[in-house]
Amino acid sequence: MFRFCKILALSLVVIFSACSDEGKAPAQSKTDEAAIISPATGDVKNTFQIDVADTKEKLLRGLMGRTSMDENYGLLFDIDLAPKDDEIAFWMKDTLIPLDMLFMDENGVVFFVHKNAQPNDVTPIRPPKRPRAVLEINAGQVDKYGIDVGDQMKADLFGNK
């Protein structure tokens, strides 16, 4: 009986280890450097190191579970992965850090800004039209860098670098 319990305990450890994310290499993300510029002056307001959510899985997971994010870092969502007839809305379920969100058109032009989205808030954040991409950055950075509607992101996703 002791041997059976020992084998069962060892099997459970193996099963739970296989189901855990600990020890796994993180999924490789496409990374890029993106600049937010003022179209009126051409001045760079800020440059961000970004990961690109370029699979449906990454699109759905977003920044859920992250407890922190480096300054000048962001996650860029490639909305073209979602079916064209899907309504686009974001929420903060299981997201543990406050975020600013920039909604951009096909040219990388910001047309909607949502500031200071709060952790775990399940209220939908809906832009007025379907975006081509959405950038999530740390809350407060929109104000810190003076980012506003009409600014443009230069990034590989938009083919405008």
# chains A, B, ... in the order shown; residues from 1 in each chain; ligands from 1

$ residues_around --residues "segment 45-52 of chain A" --least-positions-apart "3" --cutoff "12 Å" --atoms "only C-alpha atoms" --output "PDB file with N, CA and C atoms, in the first residue's frame"
ATOM      1  N   ALA A  27       6.537  31.928 -24.423  1.00  0.00           N
ATOM      2  CA  ALA A  27       6.278  31.887 -25.863  1.00  0.00           C
ATOM      3  C   ALA A  27       6.999  33.059 -26.525  1.00  0.00           C
ATOM      4  N   GLN A  28       7.641  32.789 -27.630  1.00  0.00           N
ATOM      5  CA  GLN A  28       8.363  33.848 -28.328  1.00  0.00           C
ATOM      6  C   GLN A  28       7.370  34.812 -28.960  1.00  0.00           C
ATOM      7  N   SER A  29       7.578  36.067 -28.686  1.00  0.00           N
ATOM      8  CA  SER A  29       6.734  37.105 -29.251  1.00  0.00           C
ATOM      9  C   SER A  29       7.523  37.869 -30.290  1.00  0.00           C
ATOM     10  N   LYS A  30       6.816  38.353 -31.261  1.00  0.00           N
ATOM     11  CA  LYS A  30       7.430  39.258 -32.214  1.00  0.00           C
ATOM     12  C   LYS A  30       7.644  40.572 -31.474  1.00  0.00           C
ATOM     13  N   THR A  31       8.831  41.115 -31.551  1.00  0.00           N
ATOM     14  CA  THR A  31       9.121  42.367 -30.866  1.00  0.00           C
ATOM     15  C   THR A  31       9.472  43.439 -31.888  1.00  0.00           C
ATOM     16  N   ASP A  32       9.336  44.679 -31.466  1.00  0.00           N
ATOM     17  CA  ASP A  32       9.570  45.798 -32.356  1.00  0.00           C
ATOM     18  C   ASP A  32       9.858  47.020 -31.491  1.00  0.00           C
ATOM     19  N   GLU A  33      10.386  48.041 -32.108  1.00  0.00           N
ATOM     20  CA  GLU A  33      10.497  49.340 -31.475  1.00  0.00           C
ATOM     21  C   GLU A  33       9.539  50.245 -32.224  1.00  0.00           C
ATOM     22  N   ALA A  34       8.704  50.933 -31.487  1.00  0.00           N
ATOM     23  CA  ALA A  34       7.690  51.778 -32.102  1.00  0.00           C
ATOM     24  C   ALA A  34       7.811  53.194 -31.560  1.00  0.00           C
ATOM     25  N   ALA A  35       7.642  54.154 -32.417  1.00  0.00           N
ATOM     26  CA  ALA A  35       7.706  55.562 -32.023  1.00  0.00           C
ATOM     27  C   ALA A  35       6.333  56.190 -32.184  1.00  0.00           C
ATOM     28  N   ILE A  36       5.974  57.023 -31.238  1.00  0.00           N
ATOM     29  CA  ILE A  36       4.763  57.835 -31.347  1.00  0.00           C
ATOM     30  C   ILE A  36       5.222  59.231 -31.733  1.00  0.00           C
ATOM     31  N   ILE A  37       4.714  59.711 -32.866  1.00  0.00           N
ATOM     32  CA  ILE A  37       5.152  61.023 -33.352  1.00  0.00           C
ATOM     33  C   ILE A  37       3.976  61.990 -33.462  1.00  0.00           C
ATOM     34  N   SER A  38       4.309  63.252 -33.416  1.00  0.00           N
ATOM     35  CA  SER A  38       3.337  64.305 -33.675  1.00  0.00           C
ATOM     36  C   SER A  38       3.349  64.565 -35.177  1.00  0.00           C
ATOM     37  N   PRO A  39       2.241  64.339 -35.867  1.00  0.00           N
ATOM     38  CA  PRO A  39       2.249  64.569 -37.319  1.00  0.00           C
ATOM     39  C   PRO A  39       2.440  66.048 -37.681  1.00  0.00           C
ATOM     40  N   ALA A  40       2.058  66.932 -36.790  1.00  0.00           N
ATOM     41  CA  ALA A  40       2.188  68.368 -37.074  1.00  0.00           C
ATOM     42  C   ALA A  40       3.650  68.801 -37.138  1.00  0.00           C
ATOM     43  N   THR A  41       4.477  68.244 -36.233  1.00  0.00           N
ATOM     44  CA  THR A  41       5.876  68.680 -36.154  1.00  0.00           C
ATOM     45  C   THR A  41       6.860  67.606 -36.594  1.00  0.00           C
ATOM     46  N   GLY A  42       6.429  66.344 -36.580  1.00  0.00           N
ATOM     47  CA  GLY A  42       7.337  65.238 -36.866  1.00  0.00           C
ATOM     48  C   GLY A  42       8.176  64.841 -35.666  1.00  0.00           C
ATOM     49  N   THR A  55      -0.822  36.318 -32.519  1.00  0.00           N
ATOM     50  CA  THR A  55      -1.578  35.073 -32.639  1.00  0.00           C
ATOM     51  C   THR A  55      -2.901  35.273 -31.902  1.00  0.00           C
ATOM     52  N   LYS A  56      -3.888  34.477 -32.212  1.00  0.00           N
ATOM     53  CA  LYS A  56      -5.190  34.605 -31.542  1.00  0.00           C
ATOM     54  C   LYS A  56      -5.040  34.372 -30.039  1.00  0.00           C
ATOM     55  N   GLU A  57      -4.187  33.436 -29.656  1.00  0.00           N
ATOM     56  CA  GLU A  57      -3.967  33.151 -28.232  1.00  0.00           C
ATOM     57  C   GLU A  57      -3.400  34.377 -27.514  1.00  0.00           C
ATOM     58  N   LYS A  58      -2.401  35.015 -28.108  1.00  0.00           N
ATOM     59  CA  LYS A  58      -1.804  36.205 -27.497  1.00  0.00           C
ATOM     60  C   LYS A  58      -2.794  37.362 -27.494  1.00  0.00           C
ATOM     61  N   LEU A  59      -3.609  37.434 -28.516  1.00  0.00           N
ATOM     62  CA  LEU A  59      -4.625  38.483 -28.606  1.00  0.00           C
ATOM     63  C   LEU A  59      -5.620  38.358 -27.452  1.00  0.00           C
ATOM     64  N   GLY A  62      -3.463  38.872 -23.816  1.00  0.00           N
ATOM     65  CA  GLY A  62      -3.001  40.228 -23.531  1.00  0.00           C
ATOM     66  C   GLY A  62      -1.997  40.265 -22.391  1.00  0.00           C
ATOM     67  N   LEU A  63      -2.217  41.160 -21.459  1.00  0.00           N
ATOM     68  CA  LEU A  63      -1.319  41.327 -20.309  1.00  0.00           C
ATOM     69  C   LEU A  63      -1.888  40.702 -19.039  1.00  0.00           C
ATOM     70  N   MET A  69       5.168  46.049 -15.485  1.00  0.00           N
ATOM     71  CA  MET A  69       5.611  46.221 -16.863  1.00  0.00           C
ATOM     72  C   MET A  69       6.652  47.340 -16.854  1.00  0.00           C
ATOM     73  N   ASP A  70       7.729  47.132 -17.569  1.00  0.00           N
ATOM     74  CA  ASP A  70       8.791  48.129 -17.632  1.00  0.00           C
ATOM     75  C   ASP A  70       8.295  49.437 -18.230  1.00  0.00           C
ATOM     76  N   GLU A  71       8.929  50.519 -17.808  1.00  0.00           N
ATOM     77  CA  GLU A  71       8.672  51.837 -18.395  1.00  0.00           C
ATOM     78  C   GLU A  71       9.002  51.759 -19.886  1.00  0.00           C
ATOM     79  N   ASN A  72       8.241  52.427 -20.706  1.00  0.00           N
ATOM     80  CA  ASN A  72       8.458  52.476 -22.156  1.00  0.00           C
ATOM     81  C   ASN A  72       8.356  51.105 -22.826  1.00  0.00           C
ATOM     82  N   TYR A  73       7.544  50.254 -22.267  1.00  0.00           N
ATOM     83  CA  TYR A  73       7.255  48.946 -22.840  1.00  0.00           C
ATOM     84  C   TYR A  73       5.759  48.922 -23.139  1.00  0.00           C
ATOM     85  N   GLY A  74       5.366  48.138 -24.141  1.00  0.00           N
ATOM     86  CA  GLY A  74       3.947  47.992 -24.427  1.00  0.00           C
ATOM     87  C   GLY A  74       3.642  46.712 -25.164  1.00  0.00           C
ATOM     88  N   LEU A  75       2.371  46.410 -25.245  1.00  0.00           N
ATOM     89  CA  LEU A  75       1.891  45.254 -26.000  1.00  0.00           C
ATOM     90  C   LEU A  75       0.976  45.792 -27.097  1.00  0.00           C
ATOM     91  N   LEU A  76       1.325  45.472 -28.343  1.00  0.00           N
ATOM     92  CA  LEU A  76       0.564  45.922 -29.499  1.00  0.00           C
ATOM     93  C   LEU A  76      -0.285  44.759 -30.008  1.00  0.00           C
ATOM     94  N   PHE A  77      -1.588  44.970 -30.031  1.00  0.00           N
ATOM     95  CA  PHE A  77      -2.529  43.951 -30.480  1.00  0.00           C
ATOM     96  C   PHE A  77      -2.793  44.104 -31.970  1.00  0.00           C
ATOM     97  N   ASP A  78      -2.573  43.032 -32.726  1.00  0.00           N
ATOM     98  CA  ASP A  78      -2.867  42.996 -34.153  1.00  0.00           C
ATOM     99  C   ASP A  78      -4.329  42.592 -34.314  1.00  0.00           C
ATOM    100  N   ILE A  79      -5.196  43.573 -34.413  1.00  0.00           N
ATOM    101  CA  ILE A  79      -6.646  43.330 -34.433  1.00  0.00           C
ATOM    102  C   ILE A  79      -7.096  42.621 -35.707  1.00  0.00           C
ATOM    103  N   LEU A  81      -6.312  39.918 -36.625  1.00  0.00           N
ATOM    104  CA  LEU A  81      -6.456  38.494 -36.323  1.00  0.00           C
ATOM    105  C   LEU A  81      -7.886  38.144 -35.921  1.00  0.00           C
ATOM    106  N   ALA A 133      -5.106  48.330 -34.759  1.00  0.00           N
ATOM    107  CA  ALA A 133      -4.229  47.863 -33.683  1.00  0.00           C
ATOM    108  C   ALA A 133      -4.528  48.649 -32.414  1.00  0.00           C
ATOM    109  N   VAL A 134      -4.150  48.050 -31.285  1.00  0.00           N
ATOM    110  CA  VAL A 134      -4.301  48.703 -29.984  1.00  0.00           C
ATOM    111  C   VAL A 134      -2.999  48.505 -29.220  1.00  0.00           C
ATOM    112  N   LEU A 135      -2.484  49.604 -28.664  1.00  0.00           N
ATOM    113  CA  LEU A 135      -1.276  49.551 -27.845  1.00  0.00           C
ATOM    114  C   LEU A 135      -1.653  49.745 -26.396  1.00  0.00           C
ATOM    115  N   GLU A 136      -1.242  48.792 -25.543  1.00  0.00           N
ATOM    116  CA  GLU A 136      -1.414  48.921 -24.104  1.00  0.00           C
ATOM    117  C   GLU A 136      -0.062  49.291 -23.498  1.00  0.00           C
ATOM    118  N   ILE A 137      -0.071  50.367 -22.708  1.00  0.00           N
ATOM    119  CA  ILE A 137       1.131  50.847 -22.015  1.00  0.00           C
ATOM    120  C   ILE A 137       0.762  51.134 -20.564  1.00  0.00           C
ATOM    121  N   ASN A 138       1.767  51.355 -19.729  1.00  0.00           N
ATOM    122  CA  ASN A 138       1.506  51.671 -18.334  1.00  0.00           C
ATOM    123  C   ASN A 138       0.637  52.911 -18.207  1.00  0.00           C
ATOM    124  N   GLN A 141       1.321  57.094 -18.894  1.00  0.00           N
ATOM    125  CA  GLN A 141       2.267  57.423 -19.948  1.00  0.00           C
ATOM    126  C   GLN A 141       1.651  58.278 -21.050  1.00  0.00           C
ATOM    127  N   VAL A 142       0.356  58.168 -21.278  1.00  0.00           N
ATOM    128  CA  VAL A 142      -0.303  59.029 -22.266  1.00  0.00           C
ATOM    129  C   VAL A 142      -0.120  60.487 -21.846  1.00  0.00           C
ATOM    130  N   ASP A 143      -0.394  60.777 -20.572  1.00  0.00           N
ATOM    131  CA  ASP A 143      -0.228  62.149 -20.086  1.00  0.00           C
ATOM    132  C   ASP A 143       1.246  62.532 -19.997  1.00  0.00           C
ATOM    133  N   LYS A 144       2.084  61.634 -19.521  1.00  0.00           N
ATOM    134  CA  LYS A 144       3.513  61.924 -19.351  1.00  0.00           C
ATOM    135  C   LYS A 144       4.163  62.365 -20.658  1.00  0.00           C
ATOM    136  N   TYR A 145       3.814  61.699 -21.766  1.00  0.00           N
ATOM    137  CA  TYR A 145       4.438  61.996 -23.059  1.00  0.00           C
ATOM    138  C   TYR A 145       3.570  62.863 -23.969  1.00  0.00           C
ATOM    139  N   GLY A 146       2.410  63.279 -23.483  1.00  0.00           N
ATOM    140  CA  GLY A 146       1.542  64.147 -24.280  1.00  0.00           C
ATOM    141  C   GLY A 146       0.960  63.468 -25.504  1.00  0.00           C
ATOM    142  N   ILE A 147       0.695  62.167 -25.405  1.00  0.00           N
ATOM    143  CA  ILE A 147       0.127  61.414 -26.534  1.00  0.00           C
ATOM    144  C   ILE A 147      -1.357  61.745 -26.643  1.00  0.00           C
ATOM    145  N   ASP A 148      -1.812  61.955 -27.879  1.00  0.00           N
ATOM    146  CA  ASP A 148      -3.198  62.367 -28.074  1.00  0.00           C
ATOM    147  C   ASP A 148      -3.735  61.835 -29.404  1.00  0.00           C
ATOM    148  N   ASP A 151      -1.996  61.651 -33.129  1.00  0.00           N
ATOM    149  CA  ASP A 151      -0.595  61.230 -33.172  1.00  0.00           C
ATOM    150  C   ASP A 151      -0.500  59.934 -33.961  1.00  0.00           C
ATOM    151  N   GLN A 152       0.704  59.597 -34.409  1.00  0.00           N
ATOM    152  CA  GLN A 152       0.878  58.413 -35.245  1.00  0.00           C
ATOM    153  C   GLN A 152       1.968  57.512 -34.683  1.00  0.00           C
ATOM    154  N   MET A 153       1.703  56.214 -34.735  1.00  0.00           N
ATOM    155  CA  MET A 153       2.704  55.230 -34.349  1.00  0.00           C
ATOM    156  C   MET A 153       3.436  54.765 -35.591  1.00  0.00           C
ATOM    157  N   LYS A 154       4.755  54.768 -35.520  1.00  0.00           N
ATOM    158  CA  LYS A 154       5.600  54.216 -36.581  1.00  0.00           C
ATOM    159  C   LYS A 154       6.056  52.837 -36.092  1.00  0.00           C
ATOM    160  N   ALA A 155       5.612  51.802 -36.781  1.00  0.00           N
ATOM    161  CA  ALA A 155       5.946  50.432 -36.387  1.00  0.00           C
ATOM    162  C   ALA A 155       5.844  49.511 -37.601  1.00  0.00           C
ATOM    163  N   ASP A 156       6.516  48.379 -37.522  1.00  0.00           N
ATOM    164  CA  ASP A 156       6.490  47.413 -38.615  1.00  0.00           C
ATOM    165  C   ASP A 156       5.064  46.987 -38.976  1.00  0.00           C
ATOM    166  N   LEU A 157       4.203  46.847 -37.968  1.00  0.00           N
ATOM    167  CA  LEU A 157       2.835  46.389 -38.219  1.00  0.00           C
ATOM    168  C   LEU A 157       2.118  47.283 -39.229  1.00  0.00           C
ATOM    169  N   PHE A 158       2.420  48.571 -39.209  1.00  0.00           N
ATOM    170  CA  PHE A 158       1.764  49.511 -40.119  1.00  0.00           C
ATOM    171  C   PHE A 158       2.545  49.720 -41.411  1.00  0.00           C
TER     172      PHE A 158
END

$ select_by_dssp --residues "chain A" --states "alpha helix (DSSP H)" --output "list in words"
Phe2, Arg3, Phe4, Cys5, Lys6, Ile7, Leu8, Ala9, Leu10, Ser11, Leu12, Val13, Val14, Ile15, Phe16, Ser17, Ala18, Cys19, Lys56, Glu57, Lys58, Leu59, Leu60, Arg61, Gln141, Val142, Asp143, Lys144 and Tyr145 of chain A

$ atom_distance --atom1 "atom CA of Asp121 of chain A" --atom2 "atom CA of Ala89 of chain A"
12.8 Å

$ atom_distance --atom1 "atom CA of Ile125 of chain A" --atom2 "atom CA of Asn160 of chain A"
27.0 Å

$ residues_around --residues "Ala117 of chain A" --least-positions-apart "4" --cutoff "12 Å" --atoms "only C-alpha atoms" --output "MDAnalysis selection string"
chainID A and resid 90:93 95:102 113 121:125 136:140 142

$ atom_distance --atom1 "atom CA of Arg66 of chain A" --atom2 "atom CA of Phe111 of chain A"
26.6 Å

$ closest_residue --among "A:Asp43, A:Asp80, A:Asp94, A:Asp86" --to "Arg61 of chain A" --atoms "only C-alpha atoms"
A:Asp94
